[in-house]
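Containing CSV, C-alpha atoms: work-v1.csv.
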chain,number,residue,atom,x,y,z
A,117,MET,CA,-27.5,-64.2,-21.3
A,118,LEU,CA,-26.8,-60.8,-22.9
A,119,GLU,CA,-29.2,-60.2,-25.8
A,120,GLY,CA,-28.4,-58.1,-28.8
A,121,LYS,CA,-30.1,-57.5,-32.1
A,122,ASN,CA,-28.4,-60.2,-34.2
A,123,VAL,CA,-26.3,-62.0,-31.6
A,124,ASN,CA,-26.4,-63.1,-28.0
A,125,LEU,CA,-23.5,-63.5,-25.6
A,126,ARG,CA,-23.6,-66.3,-23.0
A,127,VAL,CA,-20.8,-67.2,-20.5
A,128,ARG,CA,-18.8,-70.3,-21.6
A,129,GLU,CA,-20.0,-73.5,-19.9
A,130,ARG,CA,-18.6,-77.0,-20.0
A,131,GLU,CA,-20.8,-77.9,-23.0
A,132,ASP,CA,-19.1,-75.3,-25.1
A,133,LEU,CA,-15.6,-76.9,-24.8
A,134,ASP,CA,-16.1,-79.0,-28.0
A,135,PHE,CA,-16.7,-75.8,-29.9
A,136,PHE,CA,-13.4,-74.2,-28.6
A,137,VAL,CA,-11.4,-77.3,-29.2
A,138,GLU,CA,-12.6,-77.7,-32.7
A,139,HIS,CA,-12.2,-74.1,-33.8
A,140,HIS,CA,-9.8,-72.1,-31.6
A,141,HIS,CA,-7.4,-74.9,-30.8
A,142,ASN,CA,-7.3,-77.5,-33.5
A,143,ASP,CA,-7.8,-75.3,-36.6
A,144,VAL,CA,-4.4,-73.9,-37.3
A,145,ASN,CA,-5.9,-71.2,-39.6
A,146,PHE,CA,-8.6,-70.1,-37.2
A,147,TYR,CA,-6.9,-66.8,-36.3
A,148,GLY,CA,-5.9,-66.2,-39.9
A,149,GLU,CA,-2.6,-65.1,-41.4
A,150,HIS,CA,-2.3,-62.3,-38.9
A,151,GLY,CA,-3.1,-64.4,-35.8
A,152,PRO,CA,-1.3,-66.9,-33.7
A,153,VAL,CA,-1.4,-70.7,-34.1
A,154,MET,CA,-2.7,-72.1,-30.8
A,155,THR,CA,-1.6,-75.3,-29.2
A,156,GLN,CA,-3.5,-78.4,-30.4
A,157,MET,CA,-5.7,-79.7,-27.5
A,158,SER,CA,-7.6,-82.8,-26.6
A,159,LYS,CA,-11.0,-82.6,-25.1
A,160,THR,CA,-9.6,-84.1,-21.9
A,161,GLU,CA,-7.0,-81.4,-21.6
A,162,ALA,CA,-9.7,-78.8,-22.3
A,163,GLU,CA,-11.8,-80.2,-19.6
A,164,LYS,CA,-8.9,-80.2,-17.2
A,165,ARG,CA,-8.2,-76.6,-17.8
A,166,PHE,CA,-11.8,-75.7,-17.4
A,167,GLU,CA,-12.0,-77.4,-14.0
A,168,ASN,CA,-8.6,-76.1,-12.9
A,169,PRO,CA,-7.9,-72.8,-14.6
A,170,SER,CA,-4.3,-71.6,-14.5
A,171,PRO,CA,-3.4,-68.9,-11.9
A,172,ILE,CA,-3.2,-66.3,-14.7
A,173,VAL,CA,-6.9,-66.8,-15.4
A,174,THR,CA,-7.7,-66.1,-11.8
A,175,VAL,CA,-5.3,-63.2,-11.3
A,176,CYS,CA,-6.6,-61.6,-14.5
A,177,GLU,CA,-10.2,-62.4,-13.7
A,178,ALA,CA,-10.6,-63.7,-17.2
A,179,VAL,CA,-14.2,-64.5,-18.3
A,180,ARG,CA,-15.0,-65.9,-21.7
A,181,PHE,CA,-18.4,-65.7,-23.5
A,182,VAL,CA,-19.7,-67.6,-26.5
A,183,ILE,CA,-21.2,-65.5,-29.3
A,184,MET,CA,-24.3,-67.1,-30.7
A,185,SER,CA,-26.5,-66.1,-33.6
A,186,LYS,CA,-30.2,-65.7,-32.7
A,187,ASP,CA,-30.9,-69.3,-33.7
A,188,GLY,CA,-28.5,-70.5,-31.1
A,189,THR,CA,-25.5,-71.4,-33.4
A,190,LYS,CA,-22.1,-70.8,-31.8
A,191,ILE,CA,-20.2,-68.4,-34.1
A,192,GLY,CA,-17.4,-67.0,-32.0
A,193,SER,CA,-16.2,-65.9,-28.6
A,194,ILE,CA,-15.5,-62.8,-26.7
A,195,GLY,CA,-13.7,-62.4,-23.3
A,196,HIS,CA,-12.8,-59.7,-20.8
A,197,TYR,CA,-9.8,-59.8,-18.5
A,198,PHE,CA,-7.5,-57.4,-16.6
A,199,VAL,CA,-4.0,-56.8,-18.0
A,200,GLN,CA,-1.9,-57.1,-14.8
A,201,PRO,CA,-0.3,-55.8,-12.8
A,202,SER,CA,-1.7,-52.5,-14.1
A,203,LYS,CA,-5.3,-53.8,-13.9
A,204,LEU,CA,-6.4,-52.5,-17.3
A,205,MET,CA,-9.7,-54.0,-18.6
A,206,GLU,CA,-9.1,-55.5,-22.0
A,207,ILE,CA,-11.3,-57.5,-24.4
A,208,GLY,CA,-10.5,-60.1,-27.0
A,209,TYR,CA,-12.9,-61.5,-29.6
A,210,ASP,CA,-13.1,-63.9,-32.6
A,211,ILE,CA,-15.6,-65.1,-35.1
A,212,ILE,CA,-15.5,-68.4,-37.0
A,213,PRO,CA,-14.3,-67.9,-40.6
A,214,SER,CA,-17.7,-68.7,-42.2
A,215,GLU,CA,-19.5,-66.0,-40.2
A,216,ARG,CA,-17.1,-63.1,-40.7
A,217,ASP,CA,-17.9,-59.9,-42.5
A,218,LYS,CA,-21.5,-59.9,-41.2
A,219,GLY,CA,-21.3,-57.3,-38.4
A,220,TYR,CA,-21.4,-59.9,-35.7
A,221,GLY,CA,-18.0,-59.0,-34.2
A,222,THR,CA,-19.0,-55.3,-34.0
A,223,GLU,CA,-22.2,-56.1,-32.2
A,224,ALA,CA,-20.6,-58.5,-29.8
A,225,VAL,CA,-18.0,-55.9,-28.9
A,226,GLN,CA,-20.8,-53.3,-28.4
A,227,ILE,CA,-22.7,-55.6,-26.1
A,228,MET,CA,-19.6,-56.4,-24.1
A,229,VAL,CA,-18.7,-52.7,-23.7
A,230,ASP,CA,-22.3,-52.0,-22.5
A,231,TYR,CA,-22.1,-54.9,-20.1
A,232,LEU,CA,-18.7,-53.9,-18.7
A,233,PHE,CA,-19.5,-50.3,-18.1
A,234,LEU,CA,-22.8,-51.2,-16.6
A,235,SER,CA,-21.5,-53.9,-14.2
A,236,LYS,CA,-18.0,-52.6,-13.2
A,237,ASP,CA,-16.8,-49.3,-11.9
A,238,ILE,CA,-14.1,-48.8,-14.7
A,239,VAL,CA,-13.5,-45.8,-16.9
A,240,ARG,CA,-11.6,-47.5,-19.7
A,241,ILE,CA,-11.7,-50.6,-21.9
A,242,GLN,CA,-8.9,-51.4,-24.2
A,243,ALA,CA,-8.3,-53.9,-27.0
A,244,VAL,CA,-5.2,-54.6,-29.2
A,245,THR,CA,-5.1,-55.8,-32.8
A,246,ASN,CA,-2.3,-56.9,-35.1
A,247,VAL,CA,-1.4,-53.9,-37.4
A,248,ASP,CA,-2.3,-56.0,-40.5
A,249,ASN,CA,-5.7,-57.1,-39.2
A,250,ILE,CA,-7.9,-54.5,-40.8
A,251,PRO,CA,-11.3,-56.2,-40.2
A,252,SER,CA,-10.5,-56.4,-36.5
A,253,GLN,CA,-9.6,-52.7,-36.5
A,254,ARG,CA,-12.9,-51.9,-38.2
A,255,VAL,CA,-14.8,-53.8,-35.6
A,256,LEU,CA,-13.3,-51.6,-32.8
A,257,GLU,CA,-13.7,-48.4,-34.8
A,258,LYS,CA,-17.4,-49.1,-35.5
A,259,ALA,CA,-17.9,-50.0,-31.9
A,260,GLY,CA,-16.6,-46.6,-30.8
A,261,PHE,CA,-13.0,-47.3,-29.9
A,262,ALA,CA,-10.2,-44.8,-30.7
A,263,ARG,CA,-6.7,-45.9,-31.8
A,264,GLU,CA,-4.2,-44.7,-29.3
A,265,GLY,CA,-0.9,-46.0,-30.6
A,266,THR,CA,1.4,-48.8,-31.6
A,267,LEU,CA,3.1,-51.3,-29.4
A,268,ARG,CA,6.2,-52.5,-31.3
A,269,LYS,CA,7.2,-56.1,-31.6
A,270,VAL,CA,4.9,-57.5,-29.0
A,271,SER,CA,3.1,-60.2,-30.9
A,272,HIS,CA,4.9,-63.3,-32.0
A,273,VAL,CA,2.9,-64.6,-35.0
A,274,ARG,CA,4.1,-67.2,-37.4
A,275,GLN,CA,7.9,-66.8,-36.7
A,276,GLU,CA,7.9,-63.0,-36.6
A,277,TRP,CA,7.6,-60.4,-33.9
A,278,GLY,CA,4.8,-58.0,-35.0
A,279,ASP,CA,3.4,-54.7,-34.0
A,280,VAL,CA,-0.1,-54.2,-32.5
A,281,TYR,CA,-2.4,-51.2,-32.3
A,282,VAL,CA,-3.9,-50.2,-29.0
A,283,TYR,CA,-7.5,-49.0,-29.0
A,284,SER,CA,-9.6,-47.8,-26.1
A,285,VAL,CA,-13.1,-46.5,-25.3
A,286,LEU,CA,-13.7,-44.3,-22.3
A,287,ARG,CA,-16.9,-44.3,-20.1
A,288,GLU,CA,-17.3,-40.6,-20.8
A,289,GLU,CA,-17.4,-41.3,-24.6
A,290,TRP,CA,-19.6,-44.3,-24.3
A,291,LYS,CA,-22.1,-42.3,-22.1
A,292,GLU,CA,-24.9,-44.9,-22.1
A,293,PRO,CA,-25.7,-48.4,-23.3
A,294,LYS,CA,-26.2,-48.8,-27.0
A,295,ILE,CA,-27.6,-52.3,-27.1
A,296,LEU,CA,-28.3,-53.4,-23.5
A,297,THR,CA,-31.0,-50.8,-23.1
A,298,LYS,CA,-33.8,-52.7,-21.6
A,299,THR,CA,-33.4,-53.1,-17.9
A,300,SER,CA,-36.8,-54.4,-16.6
B,247,MET,CA,-40.6,-77.1,3.7
B,248,LEU,CA,-41.9,-74.0,5.4
B,249,GLU,CA,-45.6,-73.6,4.7
B,250,GLY,CA,-47.4,-70.3,4.4
B,251,LYS,CA,-50.9,-69.3,3.3
B,252,ASN,CA,-50.2,-68.6,-0.4
B,253,VAL,CA,-46.5,-69.7,-0.7
B,254,ASN,CA,-44.2,-72.3,0.6
B,255,LEU,CA,-40.4,-72.0,1.1
B,256,ARG,CA,-38.5,-75.1,-0.1
B,257,ILE,CA,-34.8,-75.4,0.3
B,258,VAL,CA,-32.8,-75.3,-2.9
B,259,GLU,CA,-31.3,-78.7,-3.9
B,260,LYS,CA,-28.3,-79.1,-6.1
B,261,GLU,CA,-30.5,-80.4,-9.0
B,262,ASP,CA,-32.4,-77.1,-8.9
B,263,LEU,CA,-29.4,-74.9,-9.6
B,264,SER,CA,-30.0,-74.7,-13.4
B,265,LEU,CA,-33.2,-72.8,-12.8
B,266,LEU,CA,-31.5,-70.4,-10.4
B,267,HIS,CA,-28.7,-70.0,-13.0
B,268,GLU,CA,-31.3,-69.2,-15.7
B,269,TRP,CA,-32.9,-66.5,-13.5
B,270,ASP,CA,-29.5,-65.0,-12.4
B,271,ASN,CA,-28.1,-64.6,-15.9
B,272,ASN,CA,-31.2,-62.9,-17.4
B,273,PRO,CA,-30.7,-59.1,-17.0
B,274,ASP,CA,-34.3,-58.2,-17.9
B,275,PHE,CA,-35.6,-60.8,-15.4
B,276,ARG,CA,-33.5,-59.5,-12.6
B,277,GLY,CA,-34.7,-56.0,-13.3
B,278,GLU,CA,-33.3,-52.5,-13.2
B,279,PHE,CA,-32.4,-52.5,-9.5
B,280,GLU,CA,-30.1,-55.6,-9.7
B,281,GLN,CA,-26.5,-55.7,-10.7
B,282,LEU,CA,-25.7,-57.1,-14.1
B,283,ARG,CA,-23.9,-60.3,-13.8
B,284,GLU,CA,-23.2,-63.3,-15.9
B,285,GLU,CA,-22.0,-66.4,-14.0
B,286,THR,CA,-21.2,-69.9,-15.1
B,287,LYS,CA,-23.0,-72.9,-13.7
B,288,THR,CA,-19.7,-73.8,-12.1
B,289,ASP,CA,-19.6,-70.4,-10.3
B,290,LEU,CA,-23.0,-71.1,-9.0
B,291,GLU,CA,-22.2,-74.6,-7.9
B,292,LYS,CA,-19.1,-73.4,-6.1
B,293,LEU,CA,-21.2,-70.8,-4.2
B,294,TYR,CA,-23.7,-73.5,-3.3
B,295,ASP,CA,-21.0,-75.8,-2.0
B,296,ASN,CA,-19.6,-73.1,0.2
B,297,LEU,CA,-22.8,-71.8,1.8
B,298,LYS,CA,-21.8,-72.4,5.4
B,299,ASP,CA,-24.3,-70.4,7.5
B,300,SER,CA,-26.4,-69.3,4.6
B,301,GLN,CA,-29.4,-71.1,3.2
B,302,TRP,CA,-31.2,-70.7,-0.1
B,303,PHE,CA,-35.0,-71.4,-0.5
B,304,PHE,CA,-37.3,-71.3,-3.5
B,305,ILE,CA,-40.6,-69.4,-3.1
B,306,GLU,CA,-43.2,-71.8,-4.4
B,307,LYS,CA,-46.9,-71.2,-5.0
B,308,LYS,CA,-49.2,-73.8,-3.5
B,309,ASP,CA,-49.3,-75.6,-6.8
B,310,GLY,CA,-45.6,-76.1,-6.7
B,311,THR,CA,-44.6,-73.5,-9.3
B,312,LYS,CA,-41.3,-71.9,-8.4
B,313,ILE,CA,-41.8,-68.1,-8.5
B,314,GLY,CA,-38.8,-66.7,-6.7
B,315,ASN,CA,-36.1,-67.3,-4.2
B,316,ILE,CA,-35.3,-66.1,-0.7
B,317,ALA,CA,-32.1,-66.6,1.3
B,318,HIS,CA,-30.7,-65.8,4.7
B,319,LEU,CA,-27.0,-65.2,5.0
B,320,LEU,CA,-24.4,-63.8,7.4
B,321,SER,CA,-23.4,-60.2,6.4
B,322,ALA,CA,-20.6,-58.9,8.6
B,323,GLY,CA,-21.9,-61.0,11.5
B,324,GLU,CA,-25.5,-60.0,11.1
B,325,VAL,CA,-28.3,-62.3,9.9
B,326,GLU,CA,-29.6,-60.8,6.6
B,327,VAL,CA,-32.3,-61.8,4.2
B,328,GLY,CA,-32.5,-61.3,0.4
B,329,TYR,CA,-35.3,-62.2,-1.9
B,330,PHE,CA,-36.4,-62.2,-5.6
B,331,VAL,CA,-39.8,-62.8,-7.3
B,332,VAL,CA,-40.1,-63.5,-11.1
B,333,PRO,CA,-41.5,-60.5,-13.0
B,334,ASN,CA,-45.0,-61.9,-13.8
B,335,GLU,CA,-45.7,-62.8,-10.2
B,336,ARG,CA,-44.9,-59.5,-8.6
B,337,LYS,CA,-47.4,-57.2,-6.9
B,338,LYS,CA,-49.3,-60.2,-5.5
B,339,GLY,CA,-47.9,-60.1,-1.9
B,340,TYR,CA,-45.7,-63.2,-2.4
B,341,ALA,CA,-42.5,-61.5,-1.4
B,342,THR,CA,-44.1,-60.0,1.8
B,343,GLU,CA,-45.3,-63.5,2.9
B,344,ALA,CA,-42.0,-65.2,2.0
B,345,ILE,CA,-40.2,-62.6,4.1
B,346,MET,CA,-42.6,-63.1,7.0
B,347,ILE,CA,-42.2,-66.9,6.9
B,348,MET,CA,-38.4,-66.5,6.8
B,349,VAL,CA,-38.5,-64.1,9.8
B,350,ASP,CA,-40.6,-66.6,11.8
B,351,TYR,CA,-38.2,-69.4,10.9
B,352,LEU,CA,-35.1,-67.5,11.8
B,353,PHE,CA,-36.4,-66.2,15.2
B,354,LEU,CA,-37.8,-69.7,16.0
B,355,SER,CA,-34.6,-71.5,15.1
B,356,LYS,CA,-31.8,-69.1,16.1
B,357,ALA,CA,-30.9,-67.3,19.3
B,358,ILE,CA,-30.8,-63.9,17.6
B,359,GLU,CA,-32.2,-60.5,18.5
B,360,ARG,CA,-32.1,-58.9,15.0
B,361,ILE,CA,-32.7,-59.7,11.3
B,362,GLN,CA,-31.7,-57.2,8.7
B,363,ALA,CA,-32.3,-56.6,5.0
B,364,LYS,CA,-31.2,-54.0,2.5
B,365,ALA,CA,-33.1,-52.5,-0.4
B,366,ASP,CA,-32.4,-49.7,-2.9
B,367,PRO,CA,-34.5,-46.8,-1.7
B,368,GLU,CA,-35.6,-46.3,-5.3
B,369,ASN,CA,-36.9,-49.9,-5.4
B,370,ILE,CA,-40.3,-49.0,-3.9
B,371,ALA,CA,-41.8,-52.4,-4.2
B,372,SER,CA,-38.9,-54.1,-2.3
B,373,CYS,CA,-39.1,-51.4,0.5
B,374,LYS,CA,-42.8,-51.9,0.8
B,375,ALA,CA,-42.5,-55.7,1.1
B,376,LEU,CA,-40.1,-55.2,4.0
B,377,GLU,CA,-42.3,-52.7,5.8
B,378,LYS,CA,-45.4,-54.8,5.4
B,379,ALA,CA,-43.4,-57.7,6.9
B,380,GLY,CA,-42.7,-55.6,10.0
B,381,PHE,CA,-39.2,-54.2,9.2
B,382,LYS,CA,-38.2,-50.7,10.1
B,383,ARG,CA,-35.9,-48.4,8.1
B,384,GLU,CA,-32.7,-47.6,9.9
B,385,GLY,CA,-30.7,-45.5,7.6
B,386,ILE,CA,-29.1,-45.1,4.2
B,387,LEU,CA,-25.8,-46.6,3.2
B,388,ARG,CA,-24.5,-44.1,0.6
B,389,LYS,CA,-23.0,-45.1,-2.7
B,390,THR,CA,-22.4,-48.7,-1.5
B,391,PHE,CA,-23.0,-50.8,-4.5
B,392,PHE,CA,-22.3,-50.5,-8.2
B,393,ALA,CA,-25.2,-51.4,-10.5
B,394,ARG,CA,-26.2,-50.6,-14.0
B,395,GLY,CA,-23.4,-48.1,-14.5
B,396,LYS,CA,-23.8,-46.0,-11.3
B,397,TRP,CA,-23.0,-46.1,-7.6
B,398,LYS,CA,-26.2,-46.6,-5.7
B,399,ASP,CA,-27.4,-46.1,-2.2
B,400,ASP,CA,-28.9,-48.9,-0.1
B,401,CYS,CA,-31.4,-48.6,2.7
B,402,MET,CA,-30.9,-50.7,5.8
B,403,PHE,CA,-34.0,-52.2,7.4
B,404,SER,CA,-34.3,-54.4,10.5
B,405,ILE,CA,-36.8,-56.3,12.6
B,406,LEU,CA,-36.1,-57.1,16.3
B,407,ARG,CA,-37.3,-60.1,18.2
B,408,GLU,CA,-39.1,-57.9,20.8
B,409,GLU,CA,-41.1,-56.3,17.9
B,410,TRP,CA,-41.8,-59.6,16.2
B,411,LYS,CA,-43.0,-61.1,19.5
B,412,GLU,CA,-44.3,-64.3,18.1
B,413,PRO,CA,-44.7,-66.2,14.7
B,414,LYS,CA,-47.2,-64.7,12.3
B,415,ILE,CA,-47.4,-67.6,9.8
B,416,LEU,CA,-45.4,-70.5,11.1
B,417,THR,CA,-47.9,-70.8,14.0
B,418,ARG,CA,-48.4,-74.5,14.1
B,419,THR,CA,-44.7,-75.0,15.1
B,420,ALA,CA,-44.9,-72.7,18.1

Kindly present the structure from the file in structure tokens form.
Amino acid sequence: MLEGKNVNLRVREREDLDFFVEHHHNDVNFYGEHGPVMTQMSKTEAEKRFENPSPIVTVCEAVRFVIMSKDGTKIGSIGHYFVQPSKLMEIGYDIIPSERDKGYGTEAVQIMVDYLFLSKDIVRIQAVTNVDNIPSQRVLEKAGFAREGTLRKVSHVRQEWGDVYVYSVLREEWKEPKILTKTS
Amino acid sequence: MLEGKNVNLRIVEKEDLSLLHEWDNNPDFRGEFEQLREETKTDLEKLYDNLKDSQWFFIEKKDGTKIGNIAHLLSAGEVEVGYFVVPNERKKGYATEAIMIMVDYLFLSKAIERIQAKADPENIASCKALEKAGFKREGILRKTFFARGKWKDDCMFSILREEWKEPKILTRTA
């Protein structure tokens, strides 16, 4: 488990599937007005996918973590994966609606960035956000990411093709861990 | 179970994996010389189910408390050992004894001439455990593994059957 000041990150296990089914899949408003509507999912289907991930999960080496507050409550998720075939490390994150605006997203991203630069020989981590999703952009900016540019009409959200901003942080800017500072 | 003076080695059963999982996923527990990794229980189970020639053992104190783990595995055709002791039981000689028991076991049960182990040259405690267990330094593998944000060297150690000569701890089986 990766421990921060106000949140911890733990890899997703089978016991967490209920949380994902309830929030990410079955709440049509989970990702908000600027986010996608995910397919509804039964627990059985979720378990099937957990046992037998699609080839994309394997090729992209996708790993998802649960974000927990210090008392153990699950409040969101954050994942890392390679955008292929260019093998670019990208992260994606979310916080349940009732726990937003408290800085949890920013800290989760900072912990993940520390973890990725410490455990993998990569020089860049990127993230994308819908151009209207201001809170998500703030998370990245506070976590040290720089906005690089706009990808036009890549995101199909609620009947429209929308633009996204690309952000990145480089190892040479990050320099050293901000949160995962204890090592022994 | 392999019995020593102050520790025993007990093979890891599937039911014990949750303890190993807890140890593996705790960066402070593993310490500054270990790679940061976060694995799911399923990942660990998959590894366990595919051990083939490798074996995992718990290091237990005589009262049964599990204080670490030691394994042997095939690394590019060579028999290699790896070990870990929980932070609050270090500096008590447990790793050295666990390594010696494992060496006795491997030379007694396999027709091999050599057992190797690798340790970060900056990990003085780990290098000392190997040397006290009779291993000799062979050389440095430069920038061979990525841990905690840097490429690190590893030091190769080995012990030969002709140096070991006879069991030091598993003497009742000889």

For segment 312-329 of chain B, I'd like the enclosing box, axis-aligned and padded by 4 Å on every side, reported as AutoDock Vina command-line options with centre and edge lengths in Å to one decimal.
--center_x -31.2 --center_y -65.4 --center_z 1.5 --size_x 29.2 --size_y 21.0 --size_z 28.0

Taking all atoms listed in the file into account, find every residue of chain B that has an atom no more than 9 Å from chain A, and write it out as an mmCIF file with C-alpha atoms, in the coordinates of the input.
data_model
loop_
_atom_site.group_PDB
_atom_site.id
_atom_site.type_symbol
_atom_site.label_atom_id
_atom_site.label_comp_id
_atom_site.auth_asym_id
_atom_site.auth_seq_id
_atom_site.Cartn_x
_atom_site.Cartn_y
_atom_site.Cartn_z
ATOM 1 C CA GLU B 268 -31.300 -69.200 -15.700
ATOM 2 C CA ASN B 271 -28.100 -64.600 -15.900
ATOM 3 C CA ASN B 272 -31.200 -62.900 -17.400
ATOM 4 C CA PRO B 273 -30.700 -59.100 -17.000
ATOM 5 C CA ASP B 274 -34.300 -58.200 -17.900
ATOM 6 C CA PHE B 275 -35.600 -60.800 -15.400
ATOM 7 C CA ARG B 276 -33.500 -59.500 -12.600
ATOM 8 C CA GLY B 277 -34.700 -56.000 -13.300
ATOM 9 C CA GLU B 278 -33.300 -52.500 -13.200
ATOM 10 C CA PHE B 279 -32.400 -52.500 -9.500
ATOM 11 C CA GLN B 281 -26.500 -55.700 -10.700
ATOM 12 C CA LEU B 282 -25.700 -57.100 -14.100
ATOM 13 C CA ARG B 283 -23.900 -60.300 -13.800
ATOM 14 C CA GLU B 284 -23.200 -63.300 -15.900
ATOM 15 C CA GLU B 285 -22.000 -66.400 -14.000
ATOM 16 C CA THR B 286 -21.200 -69.900 -15.100
ATOM 17 C CA LYS B 287 -23.000 -72.900 -13.700
ATOM 18 C CA THR B 288 -19.700 -73.800 -12.100
ATOM 19 C CA PRO B 333 -41.500 -60.500 -13.000
ATOM 20 C CA PHE B 392 -22.300 -50.500 -8.200
ATOM 21 C CA ALA B 393 -25.200 -51.400 -10.500
ATOM 22 C CA ARG B 394 -26.200 -50.600 -14.000
ATOM 23 C CA GLY B 395 -23.400 -48.100 -14.500
ATOM 24 C CA LYS B 396 -23.800 -46.000 -11.300
ATOM 25 C CA TRP B 397 -23.000 -46.100 -7.600
#

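Using only C-alpha atoms, the smallest distance between any of B:Tyr340, B:Tyr351, B:Phe403, B:Phe330 and Lys308 of chain B comes from B:Tyr340.
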
Original post:
Got a sec: who's within 8 Å of Gly278 of chain A, counting all atoms listed in the file, leaving out chain neighbours fewer than 2 positions off, as a count of residues only?
Top reply: 10

Original post:
Any idea what's packed within 9 Å of segment 132-149 of chain A, counting all atoms listed in the file, ignoring anything in its chain fewer than 6 positions away? Could you give it as a PyMOL selection string?
Top reply: chain A and resi 155-159+162-163+166+182+190+192-193+210-213+249+273-274

Subject >> Using all atoms listed in the file: which of A:Ser284, A:Gln242, A:Thr266, A:Ser252 has the shortest distance to Met205 of chain A >> reply: A:Gln242

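From atom CA of Met348 of chain B back to atom CA of Arg383 of chain B, the distance works out to 18.3 Å.
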